[in-house]
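S.K.: This is the content of model-v3.cif (mmCIF, C-alpha atoms and all ligand atoms):
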```
data_run
loop_
_atom_site.label_atom_id
_atom_site.label_comp_id
_atom_site.auth_asym_id
_atom_site.auth_seq_id
_atom_site.Cartn_x
_atom_site.Cartn_y
_atom_site.Cartn_z
CA MET A 1 71.15 2.98 20.68
CA THR A 2 71.38 -0.38 22.41
CA ASP A 3 74.49 -1.67 24.15
CA SER A 4 75.02 -4.29 21.50
CA ALA A 5 74.70 -1.59 18.81
CA LYS A 6 77.50 0.35 20.55
CA ASP A 7 79.75 -2.71 20.30
CA GLN A 8 79.03 -3.10 16.56
CA ASN A 9 81.09 -1.40 13.91
CA PRO A 10 79.20 0.92 11.47
CA THR A 11 78.86 -1.75 8.77
CA GLN A 12 77.44 -4.22 11.27
CA GLN A 13 74.98 -1.57 12.44
CA VAL A 14 73.69 -1.03 8.89
CA GLU A 15 73.35 -4.75 8.41
CA ALA A 16 71.53 -5.09 11.75
CA ALA A 17 69.11 -2.29 10.77
CA SER A 18 68.40 -3.99 7.41
CA LYS A 19 67.85 -7.30 9.09
CA ALA A 20 65.48 -5.80 11.67
CA PHE A 21 63.48 -4.20 8.85
CA GLU A 22 63.31 -7.43 6.87
CA GLN A 23 62.02 -9.33 9.86
CA GLU A 24 59.22 -6.84 10.46
CA PHE A 25 58.46 -6.48 6.80
CA GLU A 26 58.10 -10.22 6.31
CA ARG A 27 54.32 -10.17 6.73
CA PHE A 28 53.99 -7.47 4.04
CA VAL A 29 56.10 -9.35 1.50
CA ARG A 30 52.99 -11.11 0.16
CA PHE A 31 51.62 -7.73 -0.97
CA THR A 32 54.61 -6.93 -3.15
CA GLY A 33 54.12 -9.84 -5.52
CA ASP A 34 51.00 -10.89 -7.41
CA ALA A 35 47.87 -8.75 -6.91
CA ASN A 36 46.00 -12.00 -6.23
CA ASP A 37 47.70 -12.15 -2.86
CA LEU A 38 45.24 -9.49 -1.71
CA ALA A 39 42.20 -11.45 -2.87
CA GLY A 40 39.94 -12.50 -0.02
CA MET A 41 40.97 -9.53 2.08
CA THR A 42 38.20 -7.20 3.16
CA LEU A 43 38.34 -3.45 2.72
CA GLU A 44 38.59 -3.00 6.49
CA GLN A 45 41.51 -5.44 6.74
CA ALA A 46 43.36 -3.69 3.90
CA VAL A 47 42.91 -0.29 5.57
CA ALA A 48 44.29 -1.72 8.84
CA GLU A 49 47.30 -3.19 7.00
CA GLU A 50 47.92 0.16 5.30
CA ARG A 51 47.98 1.92 8.69
CA GLU A 52 50.46 -0.63 10.08
CA LEU A 53 52.65 -0.25 7.01
CA THR A 54 52.78 3.52 7.55
CA GLU A 55 53.87 2.96 11.15
CA LEU A 56 56.53 0.50 9.96
CA ARG A 57 57.80 3.06 7.42
CA THR A 58 58.20 5.68 10.20
CA ARG A 59 59.96 3.18 12.44
CA HIS A 60 62.53 2.18 9.80
CA LEU A 61 62.95 5.29 7.70
CA GLY A 62 62.04 8.09 10.12
CA LYS A 63 64.47 10.52 11.82
CA LYS A 64 64.76 8.29 14.87
CA SER A 65 65.24 5.04 12.91
CA ALA A 66 68.36 2.85 13.22
CA LEU A 67 69.07 3.44 9.54
CA ALA A 68 69.00 7.23 10.03
CA SER A 69 71.52 6.96 12.89
CA THR A 70 73.92 5.00 10.68
CA LYS A 71 74.11 8.04 8.37
CA LYS A 72 75.64 10.01 11.22
CA LEU A 73 78.46 7.44 11.39
CA ILE A 74 79.73 8.27 7.88
CA GLY A 75 82.05 10.99 9.31
CA ARG A 76 83.58 8.54 11.77
CA VAL A 77 84.41 5.88 9.24
CA PRO A 78 88.06 5.91 8.10
CA ALA A 79 88.47 7.96 4.91
CA GLU A 80 89.39 5.05 2.71
CA GLU A 81 86.21 3.12 3.70
CA ARG A 82 83.90 6.12 3.65
CA ALA A 83 82.79 5.82 0.00
CA SER A 84 81.89 2.16 0.21
CA PHE A 85 80.17 2.66 3.60
CA GLY A 86 78.14 5.57 2.17
CA GLN A 87 77.15 3.30 -0.70
CA LEU A 88 76.07 0.57 1.73
CA VAL A 89 73.88 2.96 3.71
CA GLN A 90 72.33 4.26 0.51
CA THR A 91 71.55 0.87 -1.03
CA SER A 92 70.18 -0.37 2.29
CA GLU A 93 67.89 2.63 2.56
CA ALA A 94 66.86 2.30 -1.09
CA ALA A 95 65.98 -1.36 -0.51
CA VAL A 96 63.80 -0.48 2.49
CA ILE A 97 62.07 2.32 0.54
CA SER A 98 61.35 0.16 -2.49
CA SER A 99 59.96 -2.68 -0.37
CA VAL A 100 57.68 -0.35 1.58
CA GLU A 101 56.62 1.48 -1.60
CA ALA A 102 55.75 -1.75 -3.39
CA ALA A 103 53.51 -2.93 -0.56
CA ALA A 104 51.99 0.53 -0.07
CA GLN A 105 51.20 0.78 -3.78
CA ALA A 106 49.52 -2.63 -3.88
CA LEU A 107 47.42 -1.87 -0.80
CA LYS A 108 46.41 1.54 -2.17
CA GLN A 109 45.26 0.06 -5.47
CA PHE A 110 43.36 -2.71 -3.74
CA ILE A 111 41.59 -0.28 -1.40
CA GLU A 112 40.62 2.04 -4.27
CA ALA A 113 39.29 -0.83 -6.34
CA GLN A 114 37.26 -2.13 -3.39
CA ARG A 115 35.78 1.30 -2.70
CA THR A 116 34.88 1.83 -6.36
CA ALA A 117 33.24 -1.58 -6.55
CA SER A 118 31.19 -1.10 -3.39
CA GLU A 119 30.07 2.42 -4.29
CA SER A 120 29.29 1.82 -7.95
CA ILE A 121 25.77 1.34 -9.29
CA ASP A 122 24.87 -0.88 -12.19
CA VAL A 123 23.05 1.44 -14.57
CA THR A 124 22.08 -1.51 -16.76
CA LEU A 125 19.89 -3.09 -14.03
CA PRO A 126 16.13 -2.90 -14.72
CA GLY A 127 14.40 -0.11 -12.76
CA ARG A 128 12.16 -0.70 -9.77
CA ARG A 129 8.59 -0.03 -10.84
CA PRO A 130 6.42 1.89 -8.39
CA ARG A 131 3.52 -0.33 -7.31
CA THR A 132 0.40 0.93 -9.03
CA GLY A 133 -2.79 1.00 -7.02
CA HIS A 134 -6.25 0.14 -8.25
CA ARG A 135 -9.85 0.78 -7.37
CA HIS A 136 -11.46 -0.71 -4.27
CA PRO A 137 -13.70 -3.76 -4.94
CA ILE A 138 -16.74 -1.74 -3.77
CA THR A 139 -15.86 1.01 -6.26
CA LEU A 140 -15.39 -1.56 -9.03
CA LEU A 141 -18.85 -3.01 -8.42
CA ARG A 142 -20.45 0.42 -7.99
CA GLU A 143 -19.10 1.40 -11.41
CA ARG A 144 -20.48 -1.75 -13.01
CA ILE A 145 -23.91 -0.99 -11.49
CA GLU A 146 -23.70 2.62 -12.67
CA ASP A 147 -22.81 1.52 -16.22
CA ILE A 148 -25.87 -0.72 -16.42
CA PHE A 149 -28.28 1.97 -15.21
CA VAL A 150 -26.72 4.71 -17.35
CA SER A 151 -27.34 2.45 -20.37
CA LEU A 152 -31.00 2.18 -19.24
CA GLY A 153 -31.30 5.99 -19.26
CA TYR A 154 -30.81 6.63 -15.54
CA ALA A 155 -28.91 9.63 -14.13
CA ILE A 156 -26.41 9.18 -11.29
CA GLU A 157 -26.94 11.52 -8.35
CA ASP A 158 -24.79 12.23 -5.31
CA GLY A 159 -25.56 14.04 -2.08
CA ARG A 160 -24.49 14.85 1.45
CA GLU A 161 -23.78 12.23 4.12
CA ILE A 162 -25.04 14.38 7.01
CA GLU A 163 -28.74 15.13 6.72
CA THR A 164 -31.59 16.80 8.49
CA ASP A 165 -34.40 14.87 10.11
CA PHE A 166 -36.66 15.98 7.28
CA TYR A 167 -34.67 14.34 4.45
CA ASN A 168 -33.66 11.23 6.37
CA PHE A 169 -37.10 10.49 7.89
CA THR A 170 -40.06 12.88 7.48
CA ALA A 171 -39.92 13.10 3.69
CA LEU A 172 -39.67 9.30 3.53
CA ASN A 173 -42.94 8.88 5.40
CA ILE A 174 -41.20 7.88 8.62
CA PRO A 175 -43.19 9.63 11.37
CA ASP A 176 -41.79 11.10 14.58
CA ASN A 177 -42.51 8.08 16.75
CA HIS A 178 -41.17 5.50 14.28
CA PRO A 179 -38.55 3.08 15.70
CA ALA A 180 -36.14 3.84 12.80
CA ARG A 181 -35.66 7.28 14.39
CA GLY A 182 -34.32 5.84 17.64
CA THR A 183 -30.84 6.81 18.79
CA GLN A 184 -30.21 3.07 18.86
CA ASP A 185 -30.69 2.89 15.09
CA THR A 186 -28.99 5.96 13.65
CA PHE A 187 -26.06 8.28 14.43
CA TYR A 188 -27.00 11.85 15.39
CA THR A 189 -24.75 14.88 15.65
CA THR A 190 -25.00 16.96 18.86
CA ASP A 191 -26.87 19.66 16.94
CA GLY A 192 -29.62 17.38 15.67
CA PHE A 193 -28.37 16.21 12.27
CA ALA A 194 -28.32 12.53 11.33
CA LEU A 195 -25.83 10.53 9.29
CA ARG A 196 -28.03 9.33 6.42
CA SER A 197 -29.27 5.79 6.94
CA GLN A 198 -30.21 5.33 3.25
CA THR A 199 -29.50 7.23 0.06
CA SER A 200 -33.22 7.98 -0.42
CA THR A 201 -32.25 11.41 0.94
CA VAL A 202 -30.46 12.06 -2.37
CA GLN A 203 -33.60 11.12 -4.30
CA ILE A 204 -35.78 13.49 -2.27
CA HIS A 205 -33.33 16.34 -3.03
CA ALA A 206 -33.22 15.35 -6.70
CA MET A 207 -37.02 15.31 -7.07
CA GLN A 208 -37.23 18.74 -5.41
CA ARG A 209 -34.52 20.14 -7.65
CA ARG A 210 -35.31 18.47 -10.99
CA GLY A 211 -39.01 17.61 -10.62
CA VAL A 212 -40.59 14.68 -12.43
CA PRO A 213 -40.43 12.64 -14.60
CA ILE A 214 -37.15 11.34 -13.20
CA ARG A 215 -34.99 8.27 -13.56
CA MET A 216 -31.97 8.13 -11.31
CA ILE A 217 -29.78 6.02 -9.07
CA ALA A 218 -28.07 7.20 -5.90
CA PRO A 219 -25.02 5.17 -4.89
CA GLY A 220 -23.25 6.10 -1.68
CA ARG A 221 -22.14 5.62 1.87
CA VAL A 222 -24.80 5.13 4.53
CA PHE A 223 -24.72 4.63 8.29
CA ARG A 224 -26.53 2.42 10.78
CA ARG A 225 -25.95 2.00 14.47
CA ASP A 226 -24.88 -1.65 14.27
CA THR A 227 -22.28 -3.61 16.19
CA PRO A 228 -19.77 -4.84 13.59
CA ASP A 229 -19.90 -8.59 12.86
CA PRO A 230 -19.21 -10.70 9.74
CA THR A 231 -22.40 -9.45 8.04
CA HIS A 232 -22.86 -5.96 9.59
CA ASN A 233 -20.85 -2.77 9.57
CA PRO A 234 -22.00 0.63 10.92
CA MET A 235 -20.95 2.18 7.60
CA PHE A 236 -21.74 0.52 4.31
CA PHE A 237 -22.55 1.30 0.67
CA GLN A 238 -25.94 1.29 -0.89
CA VAL A 239 -27.43 2.03 -4.25
CA GLU A 240 -31.02 3.16 -4.57
CA GLY A 241 -32.93 3.58 -7.80
CA LEU A 242 -35.97 5.73 -8.54
CA CYS A 243 -38.22 6.05 -11.55
CA VAL A 244 -41.22 8.42 -11.51
CA ASP A 245 -43.38 9.16 -14.52
CA ARG A 246 -47.00 8.98 -15.68
CA GLY A 247 -48.29 5.41 -15.68
CA ILE A 248 -45.37 3.69 -13.94
CA THR A 249 -46.47 0.33 -12.49
CA MET A 250 -45.03 -2.58 -10.58
CA ALA A 251 -44.43 -4.25 -13.97
CA HIS A 252 -41.81 -1.56 -14.71
CA LEU A 253 -40.19 -2.26 -11.35
CA LYS A 254 -39.99 -5.99 -12.00
CA GLY A 255 -38.76 -5.47 -15.56
CA THR A 256 -36.05 -3.00 -14.52
CA VAL A 257 -34.73 -4.95 -11.53
CA GLY A 258 -34.85 -8.17 -13.59
CA GLU A 259 -32.92 -6.58 -16.49
CA PHE A 260 -30.32 -5.16 -14.08
CA LEU A 261 -29.78 -8.54 -12.42
CA ARG A 262 -29.57 -10.40 -15.75
CA ARG A 263 -26.88 -7.96 -16.95
CA MET A 264 -25.06 -8.34 -13.65
CA PHE A 265 -25.29 -12.10 -13.10
CA GLY A 266 -25.98 -13.50 -16.57
CA PRO A 267 -29.01 -13.87 -18.92
CA ASP A 268 -30.35 -17.00 -17.17
CA THR A 269 -30.83 -15.17 -13.86
CA VAL A 270 -34.39 -15.45 -12.49
CA THR A 271 -35.80 -12.84 -10.10
CA ARG A 272 -38.44 -13.28 -7.45
CA PHE A 273 -40.45 -10.63 -5.57
CA ARG A 274 -41.84 -11.26 -2.08
CA PRO A 275 -44.36 -8.96 -0.35
CA SER A 276 -42.70 -6.82 2.34
CA TYR A 277 -43.03 -3.52 4.14
CA PHE A 278 -41.15 -0.20 3.91
CA PRO A 279 -42.59 3.12 5.17
CA PHE A 280 -41.69 4.89 1.89
CA THR A 281 -43.25 2.39 -0.55
CA GLU A 282 -46.72 0.90 -0.96
CA PRO A 283 -46.93 -1.86 -1.95
CA SER A 284 -43.45 -3.05 -1.02
CA ALA A 285 -41.49 -6.12 -2.07
CA GLU A 286 -38.13 -7.68 -1.39
CA PHE A 287 -36.40 -9.22 -4.37
CA ASP A 288 -34.28 -12.35 -4.70
CA LEU A 289 -32.25 -13.73 -7.60
CA SER A 290 -31.73 -17.37 -8.50
CA CYS A 291 -28.36 -18.49 -7.12
CA PHE A 292 -25.64 -17.65 -9.67
CA LYS A 293 -23.48 -20.44 -8.31
CA CYS A 294 -25.76 -23.50 -8.24
CA LYS A 295 -28.49 -22.15 -10.59
CA GLY A 296 -31.13 -22.98 -7.99
CA ALA A 297 -30.01 -26.49 -7.01
CA GLY A 298 -28.91 -25.37 -3.54
CA CYS A 299 -25.41 -24.60 -2.25
CA ARG A 300 -23.52 -22.84 0.54
CA ILE A 301 -23.92 -19.37 -1.01
CA CYS A 302 -27.75 -19.57 -1.18
CA LYS A 303 -27.93 -21.59 2.04
CA ASN A 304 -29.50 -24.45 0.08
CA SER A 305 -32.56 -22.38 -0.84
CA GLY A 306 -31.59 -21.77 -4.49
CA TRP A 307 -32.36 -18.04 -3.95
CA ILE A 308 -30.25 -15.09 -2.83
CA GLU A 309 -31.97 -12.18 -1.06
CA LEU A 310 -30.63 -8.95 -2.50
CA GLY A 311 -32.72 -5.85 -1.77
CA GLY A 312 -35.98 -4.06 -1.19
CA SER A 313 -38.32 -2.22 -3.53
CA GLY A 314 -41.83 -0.96 -4.02
CA MET A 315 -44.08 1.71 -5.48
CA VAL A 316 -43.21 5.15 -4.09
CA HIS A 317 -45.65 6.00 -1.30
CA PRO A 318 -48.13 8.80 -2.25
CA ASN A 319 -47.06 10.73 0.88
CA VAL A 320 -43.48 10.81 -0.40
CA LEU A 321 -44.60 12.16 -3.79
CA ARG A 322 -46.81 14.79 -2.10
CA THR A 323 -43.91 15.93 0.12
CA VAL A 324 -41.84 16.86 -2.94
CA GLY A 325 -44.81 18.54 -4.62
CA VAL A 326 -45.73 15.76 -7.05
CA ASP A 327 -49.40 14.87 -7.53
CA PRO A 328 -49.81 11.10 -6.88
CA GLN A 329 -52.98 11.14 -9.01
CA GLU A 330 -50.91 12.15 -12.03
CA TYR A 331 -47.58 10.46 -11.35
CA SER A 332 -46.45 7.15 -9.91
CA GLY A 333 -43.06 5.59 -9.47
CA PHE A 334 -41.04 2.68 -8.28
CA ALA A 335 -37.94 2.59 -6.11
CA PHE A 336 -35.48 -0.02 -4.95
CA GLY A 337 -32.40 -0.31 -2.80
CA LEU A 338 -29.60 -2.79 -2.31
CA GLY A 339 -26.35 -3.04 -0.39
CA ILE A 340 -23.19 -2.87 -2.53
CA ASP A 341 -20.95 -4.38 0.18
CA ARG A 342 -23.29 -7.31 0.57
CA MET A 343 -23.27 -7.84 -3.18
CA VAL A 344 -19.42 -7.74 -3.25
CA ALA A 345 -19.30 -10.25 -0.38
CA LEU A 346 -21.71 -12.50 -2.27
CA MET A 347 -19.93 -12.33 -5.63
CA TYR A 348 -16.47 -12.90 -4.16
CA ASN A 349 -17.68 -15.37 -1.55
CA LEU A 350 -16.29 -13.33 1.36
CA ASP A 351 -17.12 -14.69 4.79
CA ASP A 352 -16.67 -11.29 6.51
CA ILE A 353 -17.64 -7.88 5.03
CA ARG A 354 -15.33 -6.13 7.48
CA LEU A 355 -12.41 -7.33 5.32
CA LEU A 356 -13.50 -4.65 2.84
CA PHE A 357 -12.64 -1.87 5.29
CA GLU A 358 -9.46 -3.14 6.92
CA ASN A 359 -7.36 -1.69 4.08
CA ASP A 360 -5.08 -4.70 3.99
CA VAL A 361 -3.43 -4.46 0.58
CA ARG A 362 -2.86 -8.24 0.45
CA PHE A 363 -6.64 -8.64 0.53
CA LEU A 364 -7.58 -5.68 -1.70
CA GLU A 365 -5.12 -6.38 -4.54
CA GLN A 366 -6.96 -9.62 -5.35
CA PHE A 367 -9.87 -7.72 -6.90
CA GLU A 368 -8.19 -5.78 -9.69
C1 LIG A 401 -33.25 -2.00 1.13
C2 LIG A 401 -34.52 -1.33 0.81
C3 LIG A 401 -35.44 0.43 -0.42
C4 LIG A 401 -36.37 2.39 -1.39
C5 LIG A 401 -35.30 1.73 -0.82
C6 LIG A 401 -37.10 4.67 -1.93
C7 LIG A 401 -36.68 5.93 -2.22
C8 LIG A 401 -37.60 6.93 -2.37
C9 LIG A 401 -38.92 6.66 -2.27
C10 LIG A 401 -39.29 5.38 -1.98
CL1 LIG A 401 -37.10 8.51 -2.70
N1 LIG A 401 -38.38 4.40 -1.81
N2 LIG A 401 -36.18 3.70 -1.76
C11 LIG A 401 -37.57 1.73 -1.54
C12 LIG A 401 -37.70 0.44 -1.12
C13 LIG A 401 -36.62 -0.23 -0.55
O1 LIG A 401 -34.35 -0.14 0.12
O2 LIG A 401 -33.25 -3.13 1.54
N3 LIG A 401 -32.12 -1.33 0.97
C14 LIG A 401 -30.83 -1.87 1.24
#
```
Taking this structure as input, can you express it in the form of structure tokens?
Ligand code: 2NL

M.R.:
Amino acid sequence: MTDSAKDQNPTQQVEAASKAFEQEFERFVRFTGDANDLAGMTLEQAVAEERELTELRTRHLGKKSALASTKKLIGRVPAEERASFGQLVQTSEAAVISSVEAAAQALKQFIEAQRTASESIDVTLPGRRPRTGHRHPITLLRERIEDIFVSLGYAIEDGREIETDFYNFTALNIPDNHPARGTQDTFYTTDGFALRSQTSTVQIHAMQRRGVPIRMIAPGRVFRRDTPDPTHNPMFFQVEGLCVDRGITMAHLKGTVGEFLRRMFGPDTVTRFRPSYFPFTEPSAEFDLSCFKCKGAGCRICKNSGWIELGGSGMVHPNVLRTVGVDPQEYSGFAFGLGIDRMVALMYNLDDIRLLFENDVRFLEQFE
């Protein structure tokens, strides 16, 4: 008790305690009125105010509060004043309690409402759809190629990517000393296997397994020891076709490749065959199609030639037929091969085939 409190009579002490409370409570008065007075306050601020209000309550209503000490004075007040003094203490205490309660109640409601609002979820919001994937542009084109050949009566064959020397070279009439066998041109495993450098390997297996006549295509991944640049990748996709039967001629080759390219690029597409060389075909020819963009007038895609070089082809070499036990006197066949990646790059006007293998979704999702 302060010196000045000692000098005060009991009634003055109660009044002083009430006054001290009112002064401190002043900043909480705004919470006891309209609920709008709390608007604009953050949850954190409200929690801090609530803590300070609790401290204020202890200070003014607790055992050591000035108001509590005035209760002890009741016995010392003259008997005739005791009843009215008791009443004063009681009403003063009741006023403090009701003020504190009103502010505490408002803060509590505000805090609860804030918490509910921040933790609630709006079940009426539309859901987040998972992003659906789609096939790779190379797969999309491979499937279109497959559809065309299946409709022409061709089977689709698949095989292994790691091959023996025999299937990758010997059976394809590529002798031991041929440059295509160089370690600079192909990838070899340490135990003498090679990553296939064309899917002809699949066709050799298929002829051995199924015999002739045969009509098939072999799409798949192949490997070449190339330094990557805008038009080369050490791994790429190829599709090879093979047709072996009695009396198959170069006319069947030209008719089949021409029909395939017309279905792929439109009925006006013109094909052109140029003499070439492959160890596994004799005679051999590379084939071009008239530019699908400028129709032969000359543009950037066909490098102003009007023609687009697409693949290689030829009549299956008699040595290849003999290797798989087919008599070249009785049977003949044609074969062709083309790069799927190159065809994708051409059709979508890509300036770098490596884009197809970077797996950047922003690039890939354009080809759905
Ligand atoms: C090209 C050239 C070609 C073949 C592939 C072949 C397959 C057998 C027998 C004979 Cl089993 N030939 N395939 C023939 C000529 C060319 O591919 O430029 N490919 C991307």

S.K.: Kindly work out which residues sit at most 6 Å from ligand LIG 401 (chain A), using all atoms listed in the file, and give the list as a PDB file with C-alpha atoms, keeping the file's coordinate frame.

M.R.:
```
ATOM      1  CA  SER A 200     -33.220   7.980  -0.420  1.00  0.00           C
ATOM      2  CA  GLN A 203     -33.600  11.120  -4.300  1.00  0.00           C
ATOM      3  CA  ILE A 204     -35.780  13.490  -2.270  1.00  0.00           C
ATOM      4  CA  GLU A 240     -31.020   3.160  -4.570  1.00  0.00           C
ATOM      5  CA  PHE A 280     -41.690   4.890   1.890  1.00  0.00           C
ATOM      6  CA  THR A 281     -43.250   2.390  -0.550  1.00  0.00           C
ATOM      7  CA  GLY A 311     -32.720  -5.850  -1.770  1.00  0.00           C
ATOM      8  CA  GLY A 312     -35.980  -4.060  -1.190  1.00  0.00           C
ATOM      9  CA  SER A 313     -38.320  -2.220  -3.530  1.00  0.00           C
ATOM     10  CA  GLY A 314     -41.830  -0.960  -4.020  1.00  0.00           C
ATOM     11  CA  VAL A 316     -43.210   5.150  -4.090  1.00  0.00           C
ATOM     12  CA  ALA A 335     -37.940   2.590  -6.110  1.00  0.00           C
ATOM     13  CA  PHE A 336     -35.480  -0.020  -4.950  1.00  0.00           C
ATOM     14  CA  GLY A 337     -32.400  -0.310  -2.800  1.00  0.00           C
ATOM     15  CA  LEU A 338     -29.600  -2.790  -2.310  1.00  0.00           C
ATOM     16  CA  GLY A 339     -26.350  -3.040  -0.390  1.00  0.00           C
TER      17      GLY A 339
END
```

S.K.: Taking the point (-40.7, -16.2, -10.5) as given in the file, collect each protein or nucleic acid residue that comes within 10 Å of it, counting all atoms listed in the file, and present the set as a list in words.

M.R.: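 So the residues meeting the distance criterion are Val270, Thr271, Arg272, Phe273, Arg274, Asp288, Leu289 and Ser290 of chain A.
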
S.K.: Provide the atom CA of A:Pro283 to atom CA of A:Met250 distance in Å, to one decimal place.

M.R.: 8.9 Å

S.K.: Using all atoms listed in the file, which protein or nucleic acid residues come within 12 Å of A:Ala66? Drop anything in the same chain fewer than 2 positions from it, and give the result as a VMD selection string.

M.R.: chain A and resid 1 to 2 5 to 6 10 12 to 21 58 to 64 68 to 73 89 92 to 93

S.K.: For A:Ile217, find every residue with an atom within 7 Å (counting only C-alpha atoms), except residues of its own chain fewer than 2 positions away, and show them as a ChimeraX atom specification.

M.R.: /A:154-157,219,239-242

S.K.: Go ahead and write the residues just picked, C-alpha atoms, as a tab-separated table (two decimals), in the frame of the given file.

M.R.:
```tsv
chain	number	residue	atom	x	y	z
A	154	TYR	CA	-30.81	6.63	-15.54
A	155	ALA	CA	-28.91	9.63	-14.13
A	156	ILE	CA	-26.41	9.18	-11.29
A	157	GLU	CA	-26.94	11.52	-8.35
A	219	PRO	CA	-25.02	5.17	-4.89
A	239	VAL	CA	-27.43	2.03	-4.25
A	240	GLU	CA	-31.02	3.16	-4.57
A	241	GLY	CA	-32.93	3.58	-7.80
A	242	LEU	CA	-35.97	5.73	-8.54
```

S.K.: What's around stretch 115-118 of chain A at 12 Å? Count all atoms listed in the file, leave out sequence neighbours fewer than 6 positions away in its own chain, and write the answer as a ChimeraX atom specification.

M.R.: /A:42-44,46-47,108-109

S.K.: Report as an mmCIF file with C-alpha atoms, in the frame of the given file all protein, DNA and RNA residues lying within 9 Å of A:Asp351, evaluated on only C-alpha atoms, omitting residues in the same chain fewer than 3 positions from it.

M.R.:
```cif
data_model
loop_
_atom_site.group_PDB
_atom_site.id
_atom_site.type_symbol
_atom_site.label_atom_id
_atom_site.label_comp_id
_atom_site.auth_asym_id
_atom_site.auth_seq_id
_atom_site.Cartn_x
_atom_site.Cartn_y
_atom_site.Cartn_z
ATOM 1 C CA PRO A 230 -19.210 -10.700 9.740
ATOM 2 C CA THR A 231 -22.400 -9.450 8.040
ATOM 3 C CA ALA A 345 -19.300 -10.250 -0.380
ATOM 4 C CA LEU A 346 -21.710 -12.500 -2.270
ATOM 5 C CA LEU A 355 -12.410 -7.330 5.320
#
```

S.K.: Counting only C-alpha atoms, which of A:Leu38, A:Leu261, A:Ala102, A:Leu356 gets nearest to A:His232?

M.R.: A:Leu356

S.K.: Just checking: using only C-alpha atoms, which residue out of A:Val123, A:Val361, A:Val202, A:Leu88 ends up closest to A:Gln238?

M.R.: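 Checking each of A:Val123, A:Val361, A:Val202, A:Leu88 against A:Gln238, counting only C-alpha atoms, the winner is A:Val202.
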
S.K.: Here is a test: counting only C-alpha atoms, which residue of A:Glu26, A:Glu330, A:Glu50, A:Glu282 is nearest to A:Val96?

M.R.: A:Glu26

S.K.: Let me make sure I understand: among A:Arg51, A:Arg144, A:Arg362, A:His252, which one has the smallest atom-to-atom distance to A:Met315 if we use all atoms listed in the file?

M.R.: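 Comparing A:Arg51, A:Arg144, A:Arg362, A:His252 against A:Met315, the winner is A:His252.
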
S.K.: One number please: atom CA of A:Glu55 to atom CA of A:Gly40, in Å, one decimal.

M.R.: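 Taking atom CA of A:Glu55 and atom CA of A:Gly40, their separation equals 23.6 Å.
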
S.K.: In file coordinates, which residues lie within 10 Å of (51.0, 1.7, -2.3) using all atoms listed in the file, given as a ChimeraX atom specification?

M.R.: /A:31-32,50,53,100-111

S.K.: Place N, CA and C atoms on stretch 323-334 of chain A and deliver the coordinates as an mmCIF file, in the frame of the given file.

M.R.:
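Once everything was written out, this is rebuild_27.cif:
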```cif
data_model
loop_
_atom_site.group_PDB
_atom_site.id
_atom_site.type_symbol
_atom_site.label_atom_id
_atom_site.label_comp_id
_atom_site.auth_asym_id
_atom_site.auth_seq_id
_atom_site.Cartn_x
_atom_site.Cartn_y
_atom_site.Cartn_z
ATOM 1 N N THR A 323 -44.914 15.130 -0.605
ATOM 2 C CA THR A 323 -43.910 15.930 0.120
ATOM 3 C C THR A 323 -43.007 16.717 -0.829
ATOM 4 N N VAL A 324 -42.721 16.142 -2.006
ATOM 5 C CA VAL A 324 -41.840 16.860 -2.940
ATOM 6 C C VAL A 324 -42.673 17.580 -4.022
ATOM 7 N N GLY A 325 -43.962 17.726 -3.742
ATOM 8 C CA GLY A 325 -44.810 18.540 -4.620
ATOM 9 C C GLY A 325 -45.245 17.836 -5.894
ATOM 10 N N VAL A 326 -45.293 16.505 -5.864
ATOM 11 C CA VAL A 326 -45.730 15.760 -7.050
ATOM 12 C C VAL A 326 -47.123 15.195 -6.761
ATOM 13 N N ASP A 327 -48.023 15.337 -7.713
ATOM 14 C CA ASP A 327 -49.400 14.870 -7.530
ATOM 15 C C ASP A 327 -49.464 13.357 -7.775
ATOM 16 N N PRO A 328 -49.782 12.567 -6.713
ATOM 17 C CA PRO A 328 -49.810 11.100 -6.880
ATOM 18 C C PRO A 328 -50.951 10.627 -7.778
ATOM 19 N N GLN A 329 -51.906 11.507 -8.074
ATOM 20 C CA GLN A 329 -52.980 11.140 -9.010
ATOM 21 C C GLN A 329 -52.451 11.147 -10.442
ATOM 22 N N GLU A 330 -51.434 11.998 -10.677
ATOM 23 C CA GLU A 330 -50.910 12.150 -12.030
ATOM 24 C C GLU A 330 -49.666 11.287 -12.256
ATOM 25 N N TYR A 331 -48.853 11.181 -11.228
ATOM 26 C CA TYR A 331 -47.580 10.460 -11.350
ATOM 27 C C TYR A 331 -47.510 9.272 -10.395
ATOM 28 N N SER A 332 -46.765 8.254 -10.814
ATOM 29 C CA SER A 332 -46.450 7.150 -9.910
ATOM 30 C C SER A 332 -45.005 6.747 -10.182
ATOM 31 N N GLY A 333 -44.459 5.960 -9.260
ATOM 32 C CA GLY A 333 -43.060 5.590 -9.470
ATOM 33 C C GLY A 333 -42.676 4.362 -8.680
ATOM 34 N N PHE A 334 -41.568 3.779 -9.077
ATOM 35 C CA PHE A 334 -41.040 2.680 -8.280
ATOM 36 C C PHE A 334 -39.669 3.051 -7.750
#
```
